[in-house]
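One file, target-v7.cif, is given below (mmCIF, C-alpha atoms).
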data_target
#
loop_
_atom_site.label_atom_id
_atom_site.label_comp_id
_atom_site.auth_asym_id
_atom_site.auth_seq_id
_atom_site.Cartn_x
_atom_site.Cartn_y
_atom_site.Cartn_z
CA MET A 1 -32.33 -14.76 -46.14
CA GLN A 2 -34.15 -16.33 -49.07
CA ILE A 3 -36.70 -18.77 -47.63
CA VAL A 4 -38.78 -21.03 -49.86
CA HIS A 5 -41.80 -23.05 -48.71
CA ILE A 6 -43.37 -26.00 -50.52
CA ALA A 7 -46.78 -26.90 -49.14
CA ALA A 8 -50.19 -28.30 -50.00
CA GLU A 9 -52.09 -25.55 -48.19
CA MET A 10 -51.95 -21.86 -47.39
CA ALA A 11 -54.68 -19.90 -45.61
CA GLY A 12 -56.33 -17.36 -47.86
CA LEU A 13 -55.78 -19.49 -50.96
CA ALA A 14 -56.37 -23.16 -50.19
CA LYS A 15 -56.79 -24.44 -46.65
CA ILE A 16 -58.19 -27.44 -44.82
CA GLY A 17 -56.69 -27.00 -41.36
CA GLY A 18 -53.80 -25.84 -39.24
CA LEU A 19 -51.15 -26.53 -41.87
CA GLY A 20 -52.58 -23.77 -44.05
CA ASP A 21 -52.72 -21.34 -41.14
CA MET A 22 -49.12 -22.08 -40.22
CA VAL A 23 -47.75 -21.64 -43.76
CA SER A 24 -49.59 -18.34 -44.15
CA GLY A 25 -48.75 -16.90 -40.72
CA LEU A 26 -45.10 -17.93 -40.77
CA SER A 27 -44.52 -16.68 -44.30
CA LYS A 28 -45.99 -13.25 -43.55
CA ASN A 29 -44.09 -12.98 -40.28
CA LEU A 30 -40.77 -13.89 -41.88
CA SER A 31 -41.42 -11.34 -44.61
CA LEU A 32 -42.10 -8.64 -41.99
CA GLN A 33 -38.70 -9.47 -40.47
CA GLY A 34 -37.05 -8.60 -43.78
CA HIS A 35 -36.58 -12.05 -45.30
CA ARG A 36 -37.44 -12.83 -48.92
CA VAL A 37 -40.15 -15.49 -48.86
CA THR A 38 -41.58 -17.64 -51.65
CA VAL A 39 -44.36 -20.22 -51.29
CA PHE A 40 -45.01 -22.96 -53.86
CA LEU A 41 -48.55 -24.37 -54.04
CA PRO A 42 -50.57 -26.33 -56.58
CA ARG A 43 -52.90 -24.17 -58.63
CA TYR A 44 -56.08 -25.74 -57.32
CA LYS A 45 -59.40 -25.22 -59.05
CA LYS A 46 -60.65 -23.14 -56.11
CA ILE A 47 -57.81 -20.61 -56.49
CA ASN A 48 -59.37 -18.06 -58.79
CA LEU A 49 -56.94 -15.19 -59.23
CA LYS A 50 -56.38 -12.74 -62.05
CA ASN A 51 -53.43 -10.72 -63.36
CA LEU A 52 -50.86 -13.39 -62.54
CA LEU A 53 -47.42 -13.54 -64.13
CA GLU A 54 -47.53 -16.67 -66.31
CA GLU A 55 -44.39 -18.61 -67.19
CA THR A 56 -43.91 -21.90 -69.03
CA CYS A 57 -41.29 -24.31 -67.73
CA THR A 58 -40.13 -27.70 -68.99
CA MET A 59 -39.31 -30.81 -67.01
CA ASN A 60 -38.25 -34.12 -68.60
CA GLY A 61 -40.29 -33.48 -71.70
CA LEU A 62 -43.30 -32.24 -69.74
CA SER A 63 -44.26 -28.61 -69.65
CA PHE A 64 -46.00 -26.88 -66.79
CA LYS A 65 -47.18 -23.40 -66.02
CA ALA A 66 -45.96 -21.35 -63.07
CA TYR A 67 -48.24 -18.48 -62.07
CA SER A 68 -46.77 -15.98 -59.62
CA TYR A 69 -47.82 -12.87 -57.74
CA PHE A 70 -47.12 -11.16 -54.41
CA LEU A 71 -49.40 -11.45 -51.38
CA GLU A 72 -48.35 -9.06 -48.58
CA ASN A 73 -44.71 -9.14 -49.80
CA VAL A 74 -44.72 -12.95 -49.99
CA GLN A 75 -44.17 -14.36 -53.48
CA ILE A 76 -46.71 -17.06 -54.32
CA VAL A 77 -45.90 -19.49 -57.14
CA LEU A 78 -48.77 -21.70 -58.31
CA ILE A 79 -47.81 -24.85 -60.21
CA ASP A 80 -50.16 -26.10 -62.95
CA PRO A 81 -49.36 -29.10 -65.20
CA ALA A 82 -52.64 -28.81 -67.16
CA PRO A 83 -53.60 -29.71 -69.81
CA THR A 84 -50.95 -32.44 -69.90
CA LEU A 85 -51.91 -33.71 -66.43
CA ASP A 86 -55.19 -33.02 -64.68
CA TYR A 87 -53.74 -32.98 -61.16
CA TYR A 88 -55.17 -29.88 -59.52
CA ASN A 89 -58.30 -28.92 -61.45
CA ARG A 90 -60.49 -30.79 -58.97
CA PRO A 91 -63.07 -29.83 -56.32
CA ASN A 92 -60.95 -30.85 -53.31
CA ILE A 93 -57.36 -30.47 -52.14
CA TYR A 94 -56.95 -34.07 -50.95
CA GLY A 95 -58.73 -37.40 -51.11
CA TYR A 96 -57.72 -38.78 -54.50
CA ALA A 97 -56.04 -42.09 -55.31
CA ASP A 98 -53.23 -40.29 -57.13
CA ASP A 99 -52.49 -37.80 -54.34
CA PRO A 100 -48.84 -38.97 -54.05
CA ALA A 101 -48.28 -38.42 -57.78
CA ARG A 102 -49.89 -34.97 -57.57
CA PHE A 103 -47.55 -33.78 -54.82
CA ILE A 104 -44.44 -35.49 -56.20
CA PHE A 105 -45.03 -33.43 -59.34
CA LEU A 106 -45.37 -30.25 -57.26
CA CYS A 107 -41.99 -30.89 -55.60
CA ARG A 108 -40.12 -31.65 -58.80
CA ALA A 109 -41.71 -28.69 -60.59
CA ALA A 110 -40.82 -26.33 -57.72
CA LEU A 111 -37.18 -27.46 -57.80
CA GLU A 112 -37.04 -27.07 -61.58
CA TYR A 113 -38.47 -23.58 -61.33
CA LEU A 114 -35.87 -22.60 -58.70
CA LYS A 115 -33.06 -24.08 -60.79
CA GLN A 116 -34.15 -22.34 -63.99
CA LYS A 117 -34.47 -19.05 -62.10
CA GLN A 118 -31.00 -19.65 -60.58
CA LEU A 119 -32.42 -18.63 -57.22
CA GLN A 120 -30.03 -19.09 -54.30
CA VAL A 121 -32.06 -20.50 -51.40
CA ASP A 122 -30.92 -20.26 -47.78
CA ILE A 123 -33.70 -22.46 -46.38
CA LEU A 124 -36.03 -24.79 -48.26
CA HIS A 125 -38.93 -25.27 -45.83
CA LEU A 126 -41.02 -28.39 -46.54
CA HIS A 127 -44.39 -29.17 -44.95
CA ASP A 128 -45.55 -32.74 -44.21
CA TRP A 129 -45.47 -35.67 -46.61
CA HIS A 130 -46.73 -33.61 -49.55
CA ALA A 131 -43.41 -31.76 -49.83
CA SER A 132 -41.05 -34.31 -48.25
CA ILE A 133 -39.75 -35.88 -51.46
CA ALA A 134 -38.20 -32.53 -52.44
CA ALA A 135 -35.33 -33.17 -49.99
CA PHE A 136 -34.55 -36.51 -51.65
CA LEU A 137 -34.88 -35.10 -55.16
CA TYR A 138 -32.53 -32.21 -54.48
CA LYS A 139 -29.78 -34.27 -52.86
CA GLU A 140 -30.01 -37.37 -55.05
CA ILE A 141 -30.75 -35.73 -58.40
CA TYR A 142 -29.57 -32.14 -58.57
CA LEU A 143 -26.49 -32.40 -56.35
CA ARG A 144 -25.38 -35.72 -57.86
CA GLN A 145 -25.67 -34.23 -61.34
CA ASN A 146 -23.61 -31.22 -60.26
CA GLN A 147 -26.58 -28.89 -60.67
CA GLY A 148 -26.09 -27.40 -57.20
CA PRO A 149 -25.56 -26.36 -54.53
CA TRP A 150 -28.21 -23.65 -54.71
CA ILE A 151 -30.04 -24.70 -51.56
CA LYS A 152 -28.09 -24.32 -48.33
CA LYS A 153 -30.33 -26.15 -45.83
CA ILE A 154 -33.58 -28.13 -45.94
CA LEU A 155 -36.10 -28.10 -43.08
CA LEU A 156 -39.09 -30.44 -42.83
CA ASN A 157 -42.05 -29.38 -40.68
CA LEU A 158 -44.02 -32.27 -39.16
CA HIS A 159 -47.70 -31.41 -38.78
CA ASN A 160 -49.25 -34.90 -38.80
CA VAL A 161 -47.05 -37.98 -39.28
CA GLY A 162 -50.08 -40.25 -39.56
CA PHE A 163 -50.23 -39.33 -43.24
CA GLN A 164 -47.07 -40.47 -45.03
CA GLY A 165 -47.72 -40.60 -48.77
CA LEU A 166 -47.24 -44.31 -49.44
CA CYS A 167 -47.16 -45.09 -53.14
CA SER A 168 -45.61 -47.25 -55.81
CA LEU A 169 -41.92 -46.78 -56.45
CA ASP A 170 -42.83 -46.24 -60.09
CA GLU A 171 -44.24 -42.81 -59.24
CA LEU A 172 -40.73 -41.33 -59.26
CA GLU A 173 -40.09 -42.65 -62.74
CA ARG A 174 -43.04 -40.59 -63.95
CA ILE A 175 -41.06 -37.45 -63.18
CA GLY A 176 -37.86 -38.74 -64.76
CA VAL A 177 -35.96 -40.24 -61.82
CA ASP A 178 -33.72 -43.21 -62.62
CA LYS A 179 -35.05 -46.30 -60.86
CA ASN A 180 -31.55 -47.31 -59.76
CA LEU A 181 -31.32 -44.22 -57.57
CA TYR A 182 -34.05 -45.37 -55.24
CA TRP A 183 -35.04 -49.00 -55.92
CA ASN A 184 -33.05 -50.38 -52.99
CA ASN A 185 -32.74 -47.16 -51.05
CA ALA A 186 -33.78 -47.86 -47.44
CA LYS A 187 -33.98 -44.13 -46.82
CA VAL A 188 -37.04 -43.79 -49.01
CA LYS A 189 -38.51 -47.30 -49.20
CA GLU A 190 -40.61 -48.66 -46.36
CA ALA A 191 -39.27 -52.04 -45.25
CA LYS A 192 -42.67 -53.64 -44.48
CA THR A 193 -44.45 -52.80 -47.70
CA GLY A 194 -41.64 -52.12 -50.14
CA LYS A 195 -43.44 -48.95 -51.14
CA LEU A 196 -42.07 -45.48 -51.49
CA ASN A 197 -42.74 -43.56 -48.26
CA LEU A 198 -42.60 -39.87 -49.10
CA LEU A 199 -42.49 -38.72 -45.46
CA GLN A 200 -39.69 -41.16 -44.67
CA ALA A 201 -37.66 -39.77 -47.56
CA GLY A 202 -38.04 -36.29 -46.11
CA LEU A 203 -37.04 -37.42 -42.63
CA ASN A 204 -33.81 -38.96 -43.85
CA TYR A 205 -32.79 -36.31 -46.37
CA SER A 206 -33.74 -33.08 -44.58
CA ASP A 207 -31.17 -31.24 -42.48
CA LYS A 208 -33.63 -30.31 -39.72
CA LEU A 209 -36.95 -31.76 -38.52
CA VAL A 210 -39.39 -29.52 -36.65
CA ALA A 211 -42.55 -30.87 -35.00
CA VAL A 212 -45.45 -28.52 -34.32
CA SER A 213 -44.91 -28.63 -30.55
CA HIS A 214 -42.41 -29.92 -27.99
CA ASN A 215 -44.88 -32.59 -26.93
CA TYR A 216 -45.42 -33.76 -30.49
CA ALA A 217 -41.66 -34.07 -30.98
CA GLU A 218 -41.66 -36.54 -28.07
CA GLU A 219 -44.85 -38.35 -29.08
CA ILE A 220 -43.61 -39.28 -32.56
CA LEU A 221 -40.71 -41.17 -30.98
CA THR A 222 -43.20 -43.65 -29.49
CA PRO A 223 -45.12 -46.52 -31.14
CA MET A 224 -48.39 -44.74 -30.36
CA GLY A 225 -47.38 -41.44 -31.95
CA GLY A 226 -44.86 -42.50 -34.59
CA ALA A 227 -47.37 -44.23 -36.87
CA GLY A 228 -44.83 -46.91 -37.75
CA LEU A 229 -41.97 -44.47 -38.41
CA GLU A 230 -40.73 -44.23 -34.81
CA PRO A 231 -37.48 -46.13 -35.67
CA VAL A 232 -36.79 -43.55 -38.38
CA PHE A 233 -37.51 -40.71 -35.95
CA TRP A 234 -35.05 -42.23 -33.47
CA GLN A 235 -32.41 -42.52 -36.20
CA ASN A 236 -32.88 -38.80 -36.89
CA LYS A 237 -33.43 -37.70 -33.29
CA ALA A 238 -30.36 -35.42 -33.28
CA LYS A 239 -31.96 -33.14 -35.87
CA LEU A 240 -35.49 -33.28 -34.38
CA THR A 241 -36.92 -30.44 -32.32
CA GLY A 242 -40.33 -29.02 -31.43
CA LEU A 243 -41.62 -25.46 -31.89
CA LEU A 244 -45.14 -24.59 -30.77
CA ASN A 245 -47.40 -23.46 -33.61
CA GLY A 246 -49.29 -20.23 -33.07
CA ILE A 247 -52.08 -18.37 -34.83
CA ASP A 248 -52.23 -15.12 -36.76
CA TYR A 249 -53.47 -12.60 -34.20
CA GLN A 250 -54.62 -10.23 -36.92
CA ILE A 251 -56.83 -12.76 -38.69
CA TRP A 252 -58.25 -14.30 -35.51
CA ASN A 253 -58.78 -11.08 -33.55
CA PRO A 254 -62.42 -10.72 -32.34
CA GLU A 255 -61.84 -6.98 -31.91
CA THR A 256 -61.29 -6.39 -35.64
CA ASP A 257 -62.75 -9.49 -37.33
CA VAL A 258 -65.33 -8.19 -39.83
CA GLY A 259 -66.73 -11.67 -40.33
CA ILE A 260 -68.33 -12.09 -36.91
CA ILE A 261 -71.65 -10.83 -35.58
CA ALA A 262 -70.42 -8.71 -32.66
CA ASN A 263 -66.87 -7.60 -31.92
CA TYR A 264 -65.21 -7.65 -28.51
CA SER A 265 -61.71 -7.43 -27.05
CA ALA A 266 -59.71 -8.38 -23.99
CA HIS A 267 -60.03 -4.77 -22.81
CA ASP A 268 -63.82 -4.92 -22.64
CA SER A 269 -65.78 -5.70 -19.52
CA LEU A 270 -66.77 -9.30 -18.95
CA GLU A 271 -70.41 -8.31 -19.40
CA LYS A 272 -69.75 -6.73 -22.81
CA ILE A 273 -67.86 -9.83 -23.93
CA ARG A 274 -70.69 -12.06 -22.70
CA GLN A 275 -73.28 -10.01 -24.56
CA ALA A 276 -71.24 -10.03 -27.79
CA LYS A 277 -70.78 -13.77 -27.62
CA GLN A 278 -74.47 -14.24 -26.87
CA GLN A 279 -75.34 -12.35 -30.07
CA SER A 280 -73.04 -14.61 -32.04
CA LYS A 281 -74.45 -17.72 -30.37
CA SER A 282 -78.04 -16.73 -31.09
CA PHE A 283 -77.12 -16.23 -34.74
CA ILE A 284 -75.50 -19.68 -34.91
CA GLN A 285 -78.43 -21.32 -33.15
CA ALA A 286 -80.83 -19.85 -35.70
CA ARG A 287 -78.63 -20.70 -38.66
CA PHE A 288 -78.43 -24.38 -37.74
CA ASN A 289 -81.92 -24.78 -36.28
CA LEU A 290 -80.65 -25.31 -32.76
CA ARG A 291 -82.90 -24.55 -29.84
CA GLN A 292 -82.61 -20.93 -28.69
CA LYS A 293 -81.67 -21.49 -25.08
CA GLU A 294 -79.19 -20.39 -22.43
CA ALA A 295 -76.65 -23.20 -22.56
CA PRO A 296 -72.93 -23.63 -23.22
CA LEU A 297 -72.08 -24.04 -26.89
CA ILE A 298 -69.14 -26.40 -27.44
CA ILE A 299 -67.47 -26.63 -30.85
CA ASN A 300 -64.88 -28.83 -32.53
CA ILE A 301 -63.24 -27.46 -35.67
CA GLY A 302 -60.71 -29.43 -37.68
CA ARG A 303 -60.13 -32.50 -39.77
CA LEU A 304 -61.51 -35.64 -38.13
CA ALA A 305 -58.28 -37.64 -38.11
CA GLU A 306 -57.22 -40.58 -35.96
CA GLN A 307 -54.48 -38.48 -34.36
CA LYS A 308 -57.12 -36.04 -33.08
CA ALA A 309 -58.95 -38.68 -31.02
CA PRO A 310 -62.29 -38.87 -32.85
CA GLU A 311 -63.62 -41.25 -30.22
CA ALA A 312 -63.07 -38.55 -27.58
CA ILE A 313 -64.97 -36.02 -29.71
CA LEU A 314 -67.90 -38.43 -30.09
CA TRP A 315 -67.89 -39.10 -26.34
CA SER A 316 -67.85 -35.35 -25.72
CA VAL A 317 -70.94 -34.85 -27.88
CA ASP A 318 -72.90 -37.24 -25.67
CA ASN A 319 -71.44 -35.78 -22.50
CA VAL A 320 -72.35 -32.20 -23.46
CA LEU A 321 -75.89 -33.25 -24.40
CA SER A 322 -76.31 -35.03 -21.07
CA ARG A 323 -75.51 -31.70 -19.39
CA GLN A 324 -78.07 -29.85 -21.53
CA GLY A 325 -75.40 -28.14 -23.63
CA GLN A 326 -75.06 -27.83 -27.40
CA PHE A 327 -72.31 -29.16 -29.68
CA ILE A 328 -71.23 -28.27 -33.22
CA VAL A 329 -68.70 -30.19 -35.32
CA LEU A 330 -67.10 -28.48 -38.32
CA GLY A 331 -64.84 -30.71 -40.38
CA SER A 332 -64.73 -34.04 -42.17
CA SER A 333 -62.56 -37.13 -42.40
CA LEU A 334 -60.62 -38.76 -45.22
CA VAL A 335 -61.06 -42.07 -43.38
CA ASP A 336 -64.36 -43.71 -44.32
CA SER A 337 -64.84 -45.48 -40.97
CA ILE A 338 -64.38 -42.24 -39.01
CA GLN A 339 -66.66 -40.30 -41.31
CA LYS A 340 -69.31 -43.00 -40.94
CA GLN A 341 -69.15 -42.78 -37.13
CA PHE A 342 -69.80 -39.04 -37.21
CA SER A 343 -72.58 -39.37 -39.77
CA GLU A 344 -74.27 -41.90 -37.51
CA LYS A 345 -73.86 -39.58 -34.52
CA GLN A 346 -75.45 -36.81 -36.57
CA LYS A 347 -78.54 -38.94 -37.23
CA GLN A 348 -78.68 -40.17 -33.63
CA THR A 349 -78.58 -36.69 -32.07
CA ALA A 350 -80.64 -34.76 -34.64
CA PRO A 351 -83.91 -35.02 -32.64
CA THR A 352 -82.37 -33.12 -29.73
CA GLN A 353 -81.98 -29.94 -31.83
CA ASP A 354 -78.82 -29.33 -29.83
CA THR A 355 -76.18 -30.55 -32.32
CA ALA A 356 -74.98 -29.62 -35.78
CA PHE A 357 -72.50 -31.52 -37.93
CA ILE A 358 -71.07 -29.61 -40.89
CA PHE A 359 -68.89 -31.99 -42.89
CA GLU A 360 -66.83 -29.47 -44.83
CA PHE A 361 -64.11 -26.88 -44.51
CA ASN A 362 -65.58 -23.41 -44.14
CA GLU A 363 -63.24 -20.61 -43.08
CA SER A 364 -65.89 -17.93 -42.59
CA LEU A 365 -68.06 -20.28 -40.51
CA ALA A 366 -65.05 -21.15 -38.35
CA HIS A 367 -64.71 -17.46 -37.41
CA LEU A 368 -68.40 -17.28 -36.48
CA LEU A 369 -68.21 -20.43 -34.38
CA TYR A 370 -65.12 -19.35 -32.45
CA ALA A 371 -66.81 -16.05 -31.64
CA ALA A 372 -69.99 -17.79 -30.46
CA ALA A 373 -68.64 -20.72 -28.45
#
Kindly return the structure encoded in the file as structure tokens.
Amino acid sequence: MQIVHIAAEMAGLAKIGGLGDMVSGLSKNLSLQGHRVTVFLPRYKKINLKNLLEETCTMNGLSFKAYSYFLENVQIVLIDPAPTLDYYNRPNIYGYADDPARFIFLCRAALEYLKQKQLQVDILHLHDWHASIAAFLYKEIYLRQNQGPWIKKILLNLHNVGFQGLCSLDELERIGVDKNLYWNNAKVKEAKTGKLNLLQAGLNYSDKLVAVSHNYAEEILTPMGGAGLEPVFWQNKAKLTGLLNGIDYQIWNPETDVGIIANYSAHDSLEKIRQAKQQSKSFIQARFNLRQKEAPLIINIGRLAEQKAPEAILWSVDNVLSRQGQFIVLGSSLVDSIQKQFSEKQKQTAPTQDTAFIFEFNESLAHLLYAAA
């Protein structure tokens, strides 16, 4: 099959959390099974690659560059609208006021590229709100204008429904979509705010919805887990399922990971594993000026989002300290109030020399922390 992914992240190129790991691991695994796999990503500033195939494409009077190459038999296509639009030449992946416009452009550009290449796609695999509008664009623009079908089925993966891509309806006009196609379209417009809800558009226009676990597929049907979209999830329940996300056992294998201090495996004795982890822990303690002591090291790695119970993480920091343990947080929040809470906790616990808060994404440090904790 020809499988095409559109995503905001991919491990090894641009990653903040689990979404990037999933896109990378799934793409490589599907390729190993003999499928032809393509992944569309923005060409972020941090992606510094050479010897790429450069192509110029046009879209409603705008031109954009598509840079492609193969990574372990997976075709990567990087979309770059510069210098016309400065969407991706920025320090971070997310966190900008025009994020919806940036990812709407990615989706339209990816579809234009596929159309101009006349690529027949068996499955268009979309990831979270960033890619959701592609389902609407394909069915309401390309199919209605008799420019298809060249995509057989569209699948939307739901990683975190708390982020939905709310924006002005005018954002679609910027990429050449007739206002009449969506102005009163309840499938894409949120009733309460009257704004374009990119995730909602994907839910209604995709052929299949896949949550990142069976439990999450059930949670998003509830007011607590649905983040306001639970009625839409219920309307689409027949096409909703859950598949548990996994990890790449090659990348996260402590037996072969060259980025950790001491290697170990499941075949080693418990004592050898303990000694290897102790070496890693001592290194981490020294690196972050923690007290060198025999104590459990607890870590939390990931974006500090509301759906990940930040209040429970903060409580756990205090609980671990009360038991003479040590705690390290690696990750940051896009929500100012959550970020402020963790910054305050950092100041409050600093005198103990038993905590470290690293408010960034750091892939190599994540490997070291997993090995040590």
Excluding region 111-115 of chain A and its own-chain neighbours fewer than 5 positions away, which residues fall within 9 Å of it when counting only C-alpha atoms? Please give them as a PyMOL selection string.
chain A and resi 57-59+66+106+120-121+134+137-138+142+147-148+150
Please enclose the listed atoms of region 163-168 of chain A in an axis-aligned box, pad each side by 4 Å, and write out the centre and the three edge lengths in Å, rounded to one decimal, as AutoDock Vina command-line options.
--center_x -47.9 --center_y -43.3 --center_z -49.5 --size_x 12.6 --size_y 15.9 --size_z 20.6
Using the chain letters and numbers from the file, which residues does the PyMOL selection byres ((chain A and resi 227) around 12) grab, as a ChimeraX atom specification?
/A:160-164,199-200,219-226,228-233,306-307
Tell me which protein, DNA and RNA residues are within 12 Å of Leu158 (chain A), counting all atoms listed in the file, leaving out same-chain ones fewer than 2 positions away, and put them as a PyMOL selection string.
chain A and resi 7+18-19+22+125-132+155-156+160-164+199-200+202-203+206+208-214+216-217+219-220+226+233+240-245
Output file for the selection above: C-alpha atoms, as a compact mmCIF listing (two decimals), in the frame of the given file:
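So selection_3.txt came out as:
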# COMPACT_ATOMS: atom_id res chain seq x y z
CA ALA A 7 -46.78 -26.90 -49.14
CA GLY A 18 -53.80 -25.84 -39.24
CA LEU A 19 -51.15 -26.53 -41.87
CA MET A 22 -49.12 -22.08 -40.22
CA HIS A 125 -38.93 -25.27 -45.83
CA LEU A 126 -41.02 -28.39 -46.54
CA HIS A 127 -44.39 -29.17 -44.95
CA ASP A 128 -45.55 -32.74 -44.21
CA TRP A 129 -45.47 -35.67 -46.61
CA HIS A 130 -46.73 -33.61 -49.55
CA ALA A 131 -43.41 -31.76 -49.83
CA SER A 132 -41.05 -34.31 -48.25
CA LEU A 155 -36.10 -28.10 -43.08
CA LEU A 156 -39.09 -30.44 -42.83
CA ASN A 160 -49.25 -34.90 -38.80
CA VAL A 161 -47.05 -37.98 -39.28
CA GLY A 162 -50.08 -40.25 -39.56
CA PHE A 163 -50.23 -39.33 -43.24
CA GLN A 164 -47.07 -40.47 -45.03
CA LEU A 199 -42.49 -38.72 -45.46
CA GLN A 200 -39.69 -41.16 -44.67
CA GLY A 202 -38.04 -36.29 -46.11
CA LEU A 203 -37.04 -37.42 -42.63
CA SER A 206 -33.74 -33.08 -44.58
CA LYS A 208 -33.63 -30.31 -39.72
CA LEU A 209 -36.95 -31.76 -38.52
CA VAL A 210 -39.39 -29.52 -36.65
CA ALA A 211 -42.55 -30.87 -35.00
CA VAL A 212 -45.45 -28.52 -34.32
CA SER A 213 -44.91 -28.63 -30.55
CA HIS A 214 -42.41 -29.92 -27.99
CA TYR A 216 -45.42 -33.76 -30.49
CA ALA A 217 -41.66 -34.07 -30.98
CA GLU A 219 -44.85 -38.35 -29.08
CA ILE A 220 -43.61 -39.28 -32.56
CA GLY A 226 -44.86 -42.50 -34.59
CA PHE A 233 -37.51 -40.71 -35.95
CA LEU A 240 -35.49 -33.28 -34.38
CA THR A 241 -36.92 -30.44 -32.32
CA GLY A 242 -40.33 -29.02 -31.43
CA LEU A 243 -41.62 -25.46 -31.89
CA LEU A 244 -45.14 -24.59 -30.77
CA ASN A 245 -47.40 -23.46 -33.61
Could you list the residues chosen by the PyMOL selection byres ((chain A and resi 352-357) around 7) in this structure as number ranges by chain?
A: 288-291, 326-330, 346, 349-351, 358-359
Spell out the residues picked by the PyMOL selection byres ((chain A and resi 331-344) around 6) here, as a count of residues only.
11
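Atom pair CA of Tyr67 (chain A) / CA of Leu53 (chain A): separated by 5.4 Å.
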Contacts of Asn51 (chain A) at 10 Å (all atoms listed in the file; same-chain gap of 3+ positions) as a PyMOL selection string
chain A and resi 54+67-69
Return the single residue from A:Leu181, A:Leu26, A:Ala312, A:Met10 that is closest to Val77 (chain A), with distances computed using only C-alpha atoms.
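When distances to Val77 (chain A) are compared using only C-alpha atoms, the smallest one comes from A:Met10.
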Write out as a PDB file with C-alpha atoms, in the coordinates of the input which residues come within 7 Å of Asn60 (chain A) when counting only C-alpha atoms, dropping same-chain ones fewer than 2 positions away.
ATOM      1  CA  THR A  58     -40.130 -27.700 -68.990  1.00  0.00           C
ATOM      2  CA  LEU A  62     -43.300 -32.240 -69.740  1.00  0.00           C
ATOM      3  CA  ILE A 175     -41.060 -37.450 -63.180  1.00  0.00           C
ATOM      4  CA  GLY A 176     -37.860 -38.740 -64.760  1.00  0.00           C
TER       5      GLY A 176
END
Given all atoms listed in the file as the basis, pick out the residue of A:Gln292, A:Ser316, A:Gln116, A:Asn204 nearest to Ser280 (chain A).
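Distance minimum relative to Ser280 (chain A) lands on A:Gln292.
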Please tabulate, as a Markdown table, the residues of region 84-199 of chain A that come within 6 Å of region 33-48 of chain A, each with its closest pair of atoms and the distance in Å to one decimal, counting all atoms listed in the file and ordering rows by chain, then residue number upward.
| residue | atom | partner | partner_atom | distance |
| --- | --- | --- | --- | --- |
| A:Tyr88 | CA | A:Tyr44 | CA | 4.8 |
| A:Asn89 | CA | A:Lys45 | CA | 4.5 |
| A:Arg90 | CA | A:Lys45 | CA | 5.7 |
Could you check which of A:Asp248, A:Ala11, A:Pro81, A:Met1 is closest to Ser31 (chain A), using all atoms listed in the file?
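Nearest to Ser31 (chain A): A:Met1.
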Residue nearest Gln2 (chain A) among A:Ile273, A:Leu297, A:Ala101, A:Leu30 (counting all atoms listed in the file):
A:Leu30
